[in-house]
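Working notes, structure below.
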Amino acid sequence: MTKIIAHRGLSAIAPENTLRSFEPMLDYNLDWFETDVSITADGQLVLLHDDKVDRTTDHAGEITAMTYDDVMDADAGSWFGPEFANTQLLTMDDLLTFVDESGMNLNLELKGVTGPNCSALADQLIAQLVPYLRTINEEVNLIISSFNPVMLFKMHAAAPELAYAVLYDKGQFLDDWQLVADACNARYIHIDKADATPENIAKIQDRGFEVNVYTVNSLDDVTTLSDYGVDGIFTDVANEIVAPKATAAIAV
């Protein structure tokens with residue numbers, strides 16, 4: 001059965017990668033969600049998708065050039081709607097608390113680190129992240145993914161026991177895809193929906209990998225990809241795809 005993965009939480013109804021988008025997932029029959037981890041200039045791990053904070057906060061600048069205090073001072077909700085004002089970005093402590101309490105499976109995307117100190121910060125991100133991940137409940141399934149094969153290679157060297165996925169940009173799922181995947185010790189291949197043809201899906205699965213497709217927000221596309229046999233689908237509208245949890249009957 002195709003797993004549905006809530007992309008940055010229920011990001012169509014609340015600010016992505018915040019508790020406001022994570023907590024509503026618990027009202028639905030969802031087993032998986034995805035989020036992104038980056039690092040500040042002073043070496044603190046924060047959940048953010050973009051290299052810059054401009055799109056999803058009231059601050060501006062690259063996260064790797066900002067201090068933790070500056071980043072956590074940002075309003076990460078007003079851009080989405082006034083009812084979300086003063087929503088904070090999340091730390092790894094916040095994420096692990098949510099995972100431990102919810103029991104949800106997690107796809108954690110490593111963001112590529114940019115800037116003049118990128119190599120040192122990338123190494124620092126991995127060094128700090130691994131101890132966190134080793135505290136996650138063993139019953140929780142965890143996938144580490146990235147568009148950056150160097151990050152995956154370094155992460156696997158530090159934590160070979162974890163499961164890894166290579167992300168391929170739209171149009172970049174090329175003939176050398178397995179060379180990259182094998183170099184990163186990946187078990188999963190994540191491709192753009194534009195590259196999710198029946199031929200590509202069969203090719204990936206025939207070689208022993210699982211294939212998850214991003215980011216699919218059309219219900220018709222979800223049905224089509226499920227019929228193709230993909231293993232998982234990342235979507236912003238998981239709340240429209242899976243059923244809400246049944247409420248307990250009230251005796252009268």
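Ligands are numbered from 1 in the order shown, chains are lettered A, B, ... in the order of the structure tokens, and residues start at 1 in each chain.
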
Can you pull out the residues contacting Glu23 of chain A? Cut-off 9 Å, using only C-alpha atoms, and skip same-chain residues under 3 positions away; I want them as a list in words.
Gly9, Leu10, Thr18, Leu19, Arg20, Leu26, Asp27, Phe98 and Ser102 of chain A

Excluding segment 196-211 of chain A and any residue of its chain fewer than 3 positions from it, enumerate the residues within 7 Å of it, using only C-alpha atoms, and give them as a ChimeraX atom specification.
/A:187-193,228,230-232

Could you state the separation of atom CA of Ser38 of chain A and atom CA of Gln172 of chain A in Å, given to one decimal place?
23.2 Å

In segment 14-210 of chain A, what's strand (DSSP E) per DSSP? Answer as a ChimeraX atom specification?
/A:32-39,45-47,105-110,142-146,163-168,188-192,210

The selected residues should be written to file as an mmCIF file, in the first residue's frame (atoms: N, CA and C atoms).
data_model
loop_
_atom_site.group_PDB
_atom_site.id
_atom_site.type_symbol
_atom_site.label_atom_id
_atom_site.label_comp_id
_atom_site.auth_asym_id
_atom_site.auth_seq_id
_atom_site.Cartn_x
_atom_site.Cartn_y
_atom_site.Cartn_z
ATOM 1 N N TRP A 32 3.283 8.926 8.488
ATOM 2 C CA TRP A 32 4.552 9.510 8.079
ATOM 3 C C TRP A 32 4.434 11.012 7.883
ATOM 4 N N PHE A 33 5.523 11.719 8.209
ATOM 5 C CA PHE A 33 5.642 13.124 7.824
ATOM 6 C C PHE A 33 7.085 13.427 7.484
ATOM 7 N N GLU A 34 7.267 14.570 6.823
ATOM 8 C CA GLU A 34 8.599 15.004 6.376
ATOM 9 C C GLU A 34 8.877 16.398 6.910
ATOM 10 N N THR A 35 10.138 16.642 7.260
ATOM 11 C CA THR A 35 10.563 17.980 7.639
ATOM 12 C C THR A 35 12.034 18.146 7.274
ATOM 13 N N ASP A 36 12.557 19.366 7.477
ATOM 14 C CA ASP A 36 13.892 19.727 7.001
ATOM 15 C C ASP A 36 14.724 20.291 8.141
ATOM 16 N N VAL A 37 16.002 19.925 8.184
ATOM 17 C CA VAL A 37 16.869 20.445 9.232
ATOM 18 C C VAL A 37 18.033 21.222 8.625
ATOM 19 N N SER A 38 18.283 22.404 9.206
ATOM 20 C CA SER A 38 19.405 23.244 8.792
ATOM 21 C C SER A 38 20.174 23.655 10.044
ATOM 22 N N ILE A 39 21.153 24.547 9.870
ATOM 23 C CA ILE A 39 22.016 24.924 10.982
ATOM 24 C C ILE A 39 22.290 26.418 10.946
ATOM 25 N N LEU A 45 20.767 23.545 15.474
ATOM 26 C CA LEU A 45 19.913 22.906 14.475
ATOM 27 C C LEU A 45 18.488 23.433 14.562
ATOM 28 N N VAL A 46 17.962 23.827 13.403
ATOM 29 C CA VAL A 46 16.626 24.418 13.310
ATOM 30 C C VAL A 46 15.912 23.809 12.111
ATOM 31 N N LEU A 47 14.590 23.641 12.223
ATOM 32 C CA LEU A 47 13.803 23.100 11.119
ATOM 33 C C LEU A 47 13.421 24.227 10.162
ATOM 34 N N ASN A 105 6.256 8.165 12.003
ATOM 35 C CA ASN A 105 7.495 7.914 11.271
ATOM 36 C C ASN A 105 7.951 9.205 10.597
ATOM 37 N N LEU A 106 9.268 9.326 10.417
ATOM 38 C CA LEU A 106 9.846 10.610 10.005
ATOM 39 C C LEU A 106 10.785 10.465 8.817
ATOM 40 N N ASN A 107 10.590 11.334 7.830
ATOM 41 C CA ASN A 107 11.591 11.560 6.784
ATOM 42 C C ASN A 107 12.225 12.909 7.080
ATOM 43 N N LEU A 108 13.506 12.896 7.397
ATOM 44 C CA LEU A 108 14.226 14.121 7.742
ATOM 45 C C LEU A 108 15.168 14.477 6.613
ATOM 46 N N GLU A 109 14.934 15.636 5.995
ATOM 47 C CA GLU A 109 15.779 16.072 4.889
ATOM 48 C C GLU A 109 16.914 16.954 5.392
ATOM 49 N N LEU A 110 18.140 16.593 5.046
ATOM 50 C CA LEU A 110 19.312 17.407 5.356
ATOM 51 C C LEU A 110 19.418 18.508 4.306
ATOM 52 N N LEU A 142 12.642 5.799 10.327
ATOM 53 C CA LEU A 142 13.334 7.052 10.033
ATOM 54 C C LEU A 142 14.068 6.935 8.703
ATOM 55 N N ILE A 143 13.869 7.923 7.833
ATOM 56 C CA ILE A 143 14.618 8.031 6.587
ATOM 57 C C ILE A 143 15.338 9.376 6.587
ATOM 58 N N ILE A 144 16.619 9.354 6.250
ATOM 59 C CA ILE A 144 17.402 10.580 6.087
ATOM 60 C C ILE A 144 17.567 10.822 4.593
ATOM 61 N N SER A 145 17.134 11.988 4.117
ATOM 62 C CA SER A 145 17.203 12.272 2.687
ATOM 63 C C SER A 145 17.927 13.585 2.431
ATOM 64 N N SER A 146 18.405 13.753 1.204
ATOM 65 C CA SER A 146 19.043 15.014 0.811
ATOM 66 C C SER A 146 19.220 15.042 -0.697
ATOM 67 N N ALA A 163 18.673 4.630 7.605
ATOM 68 C CA ALA A 163 18.214 4.435 6.225
ATOM 69 C C ALA A 163 18.299 5.764 5.483
ATOM 70 N N TYR A 164 18.776 5.716 4.227
ATOM 71 C CA TYR A 164 19.052 6.934 3.469
ATOM 72 C C TYR A 164 18.309 6.960 2.139
ATOM 73 N N ALA A 165 18.013 8.189 1.699
ATOM 74 C CA ALA A 165 17.325 8.403 0.426
ATOM 75 C C ALA A 165 18.002 9.530 -0.336
ATOM 76 N N VAL A 166 18.202 9.311 -1.636
ATOM 77 C CA VAL A 166 18.713 10.357 -2.505
ATOM 78 C C VAL A 166 17.530 11.080 -3.144
ATOM 79 N N LEU A 167 17.543 12.402 -3.045
ATOM 80 C CA LEU A 167 16.553 13.233 -3.712
ATOM 81 C C LEU A 167 17.105 13.681 -5.063
ATOM 82 N N TYR A 168 16.308 13.495 -6.099
ATOM 83 C CA TYR A 168 16.696 13.935 -7.437
ATOM 84 C C TYR A 168 15.786 15.080 -7.869
ATOM 85 N N TYR A 188 16.439 4.243 -0.604
ATOM 86 C CA TYR A 188 15.256 4.883 -1.161
ATOM 87 C C TYR A 188 15.665 5.881 -2.234
ATOM 88 N N ILE A 189 14.813 6.020 -3.235
ATOM 89 C CA ILE A 189 14.994 7.015 -4.285
ATOM 90 C C ILE A 189 13.782 7.933 -4.255
ATOM 91 N N HIS A 190 14.025 9.235 -4.150
ATOM 92 C CA HIS A 190 12.943 10.215 -4.124
ATOM 93 C C HIS A 190 13.021 11.049 -5.395
ATOM 94 N N ILE A 191 11.957 10.995 -6.202
ATOM 95 C CA ILE A 191 11.959 11.697 -7.479
ATOM 96 C C ILE A 191 10.770 12.639 -7.585
ATOM 97 N N ASP A 192 10.953 13.668 -8.436
ATOM 98 C CA ASP A 192 9.879 14.609 -8.725
ATOM 99 C C ASP A 192 8.762 13.878 -9.479
ATOM 100 N N GLU A 210 13.274 1.366 -2.914
ATOM 101 C CA GLU A 210 11.915 1.875 -2.826
ATOM 102 C C GLU A 210 11.887 3.271 -3.439
#

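With distances restricted to only C-alpha atoms, A:Gln44 is the closest residue to Asp69 of chain A from A:Gln44, A:Thr223, A:Asn137, A:Ser21.
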
Could you tell me which of A:Val213, A:Ala122, A:Leu48, A:Ile241 comes closest to Lys170 of chain A if we count only C-alpha atoms?
A:Val213

Can you measure atom CA of Ile4 of chain A to atom CA of Asp221 of chain A for me? One decimal in Å is fine.
12.7 Å

Which of these, A:Phe234, A:Asp175, A:Met104, A:Met92, has the shortest distance to Met25 of chain A once you count only C-alpha atoms?
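Going through A:Phe234, A:Asp175, A:Met104, A:Met92 one by one, the smallest distance to Met25 of chain A is for A:Met104.
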
So that I can check the surroundings of Val113 of chain A, please list as an mmCIF file with N, CA, C and O atoms, in the first residue's frame every protein, DNA and RNA residue that reaches within 10 Å of it, counting only C-alpha atoms and ignoring chain neighbours fewer than 2 positions away.
data_model
loop_
_atom_site.group_PDB
_atom_site.id
_atom_site.type_symbol
_atom_site.label_atom_id
_atom_site.label_comp_id
_atom_site.auth_asym_id
_atom_site.auth_seq_id
_atom_site.Cartn_x
_atom_site.Cartn_y
_atom_site.Cartn_z
ATOM 1 N N SER A 38 18.283 22.404 9.206
ATOM 2 C CA SER A 38 19.405 23.244 8.792
ATOM 3 C C SER A 38 20.174 23.655 10.044
ATOM 4 O O SER A 38 19.876 23.192 11.154
ATOM 5 N N ILE A 39 21.153 24.547 9.870
ATOM 6 C CA ILE A 39 22.016 24.924 10.982
ATOM 7 C C ILE A 39 22.290 26.418 10.946
ATOM 8 O O ILE A 39 22.399 27.012 9.872
ATOM 9 N N THR A 40 22.352 27.028 12.114
ATOM 10 C CA THR A 40 22.627 28.461 12.225
ATOM 11 C C THR A 40 24.133 28.717 12.226
ATOM 12 O O THR A 40 24.939 27.788 12.335
ATOM 13 N N ASP A 51 17.154 27.982 2.137
ATOM 14 C CA ASP A 51 18.446 28.490 2.607
ATOM 15 C C ASP A 51 18.271 29.791 3.377
ATOM 16 O O ASP A 51 19.021 30.075 4.310
ATOM 17 N N GLU A 62 20.299 34.460 5.083
ATOM 18 C CA GLU A 62 20.584 33.034 5.073
ATOM 19 C C GLU A 62 20.693 32.516 6.504
ATOM 20 O O GLU A 62 21.346 33.131 7.352
ATOM 21 N N ILE A 63 20.086 31.380 6.744
ATOM 22 C CA ILE A 63 20.076 30.848 8.103
ATOM 23 C C ILE A 63 21.491 30.557 8.590
ATOM 24 O O ILE A 63 21.798 30.728 9.769
ATOM 25 N N THR A 64 22.378 30.164 7.685
ATOM 26 C CA THR A 64 23.747 29.848 8.087
ATOM 27 C C THR A 64 24.561 31.096 8.419
ATOM 28 O O THR A 64 25.691 30.982 8.898
ATOM 29 N N LEU A 110 18.140 16.593 5.046
ATOM 30 C CA LEU A 110 19.312 17.407 5.356
ATOM 31 C C LEU A 110 19.418 18.508 4.306
ATOM 32 O O LEU A 110 19.482 18.233 3.110
ATOM 33 N N LYS A 111 19.453 19.748 4.765
ATOM 34 C CA LYS A 111 19.585 20.849 3.828
ATOM 35 C C LYS A 111 21.052 21.060 3.473
ATOM 36 O O LYS A 111 21.939 20.923 4.333
ATOM 37 N N GLY A 115 27.385 29.196 2.007
ATOM 38 C CA GLY A 115 28.166 30.250 2.644
ATOM 39 C C GLY A 115 29.634 29.910 2.758
ATOM 40 O O GLY A 115 30.064 28.782 2.468
ATOM 41 N N PRO A 116 30.442 30.886 3.209
ATOM 42 C CA PRO A 116 31.899 30.706 3.244
ATOM 43 C C PRO A 116 32.376 29.635 4.214
ATOM 44 O O PRO A 116 33.439 29.073 4.052
ATOM 45 N N ASN A 117 31.563 29.335 5.221
ATOM 46 C CA ASN A 117 31.946 28.342 6.224
ATOM 47 C C ASN A 117 31.161 27.050 6.042
ATOM 48 O O ASN A 117 30.934 26.310 6.998
ATOM 49 N N CYS A 118 30.749 26.765 4.789
ATOM 50 C CA CYS A 118 29.780 25.698 4.552
ATOM 51 C C CYS A 118 30.302 24.315 4.934
ATOM 52 O O CYS A 118 29.567 23.508 5.503
ATOM 53 N N SER A 119 31.561 24.032 4.643
ATOM 54 C CA SER A 119 32.081 22.695 4.934
ATOM 55 C C SER A 119 32.097 22.417 6.424
ATOM 56 O O SER A 119 31.661 21.351 6.879
ATOM 57 N N ALA A 120 32.565 23.370 7.195
ATOM 58 C CA ALA A 120 32.626 23.193 8.647
ATOM 59 C C ALA A 120 31.225 23.091 9.234
ATOM 60 O O ALA A 120 30.968 22.270 10.134
ATOM 61 N N LEU A 121 30.298 23.916 8.730
ATOM 62 C CA LEU A 121 28.936 23.869 9.246
ATOM 63 C C LEU A 121 28.247 22.559 8.877
ATOM 64 O O LEU A 121 27.481 22.010 9.665
ATOM 65 N N ALA A 122 28.508 22.056 7.671
ATOM 66 C CA ALA A 122 27.928 20.774 7.267
ATOM 67 C C ALA A 122 28.403 19.656 8.193
ATOM 68 O O ALA A 122 27.614 18.814 8.630
ATOM 69 N N ASP A 123 29.699 19.654 8.482
ATOM 70 C CA ASP A 123 30.231 18.648 9.403
ATOM 71 C C ASP A 123 29.629 18.804 10.792
ATOM 72 O O ASP A 123 29.343 17.806 11.478
ATOM 73 N N LEU A 125 26.652 20.108 11.491
ATOM 74 C CA LEU A 125 25.257 19.675 11.432
ATOM 75 C C LEU A 125 25.175 18.168 11.651
ATOM 76 O O LEU A 125 24.376 17.681 12.455
ATOM 77 N N ASN A 148 21.811 16.599 -1.641
ATOM 78 C CA ASN A 148 23.264 16.748 -1.628
ATOM 79 C C ASN A 148 23.923 15.399 -1.318
ATOM 80 O O ASN A 148 23.926 14.959 -0.162
ATOM 81 N N MET A 151 26.484 15.325 1.575
ATOM 82 C CA MET A 151 25.895 15.304 2.920
ATOM 83 C C MET A 151 25.470 13.887 3.295
ATOM 84 O O MET A 151 25.702 13.427 4.423
#

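Excluding segment 126-135 of chain A and any residue on its chain fewer than 6 positions from it, the residues at most 8 Å away by only C-alpha atoms are A:Leu45, A:Met92, A:Leu96, A:Lys154, A:Met155, A:Ala158, A:Ala159.
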
Convert the current residue selection to file output with C-alpha atoms, as a short mmCIF file (atom, residue, chain, number, x, y, z; two decimals), in the first residue's frame.
data_model
loop_
_atom_site.label_atom_id
_atom_site.label_comp_id
_atom_site.auth_asym_id
_atom_site.auth_seq_id
_atom_site.Cartn_x
_atom_site.Cartn_y
_atom_site.Cartn_z
CA LEU A 45 19.91 22.91 14.48
CA MET A 92 15.60 19.27 17.07
CA LEU A 96 12.10 14.70 18.88
CA LYS A 154 29.14 12.02 5.35
CA MET A 155 26.00 11.22 7.29
CA ALA A 158 28.74 8.84 10.91
CA ALA A 159 25.60 6.71 11.26
#

Neighbouring residues of Arg55 of chain A were defined as those with any atom within 8 Å, considering only C-alpha atoms; residues of the same chain fewer than 3 positions away were excluded. Please report them as a list in words.
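Residues meeting the cut-off are Asp50, Lys52 and Trp79 of chain A.
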
Could you build a table of the residues in segment 7-62 of chain A lying no more than 7 Å from segment 72-78 of chain A, giving for each the nearest pair of atoms and their separation in Å rounded to one decimal place, using only C-alpha atoms, ordered by chain and ascending residue number, as CSV?
residue,atom,partner,partner_atom,distance
A:Pro15,CA,A:Gly77,CA,5.6
A:Thr56,CA,A:Ala76,CA,5.7
A:Thr57,CA,A:Ala76,CA,4.2
A:Asp58,CA,A:Asp75,CA,5.5
A:His59,CA,A:Ala74,CA,5.8

So, with only C-alpha atoms as the atoms that count, which of A:Val222, A:Gly103, A:Leu179, A:Glu16 lies closest to Lys3 of chain A?
A:Val222

With distances taken over only C-alpha atoms, which residue among A:Ala65, A:Ile136, A:Leu174, A:Val237 lies nearest Leu30 of chain A?
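Looking only at the distances to Leu30 of chain A, the closest residue turns out to be A:Val237.
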
Fewer than 4 positions away in the same chain doesn't count, so skip those; otherwise give me all residues within 10 Å of Ala194 of chain A, counting only C-alpha atoms, as number ranges by chain.
A: 169-171, 213-216
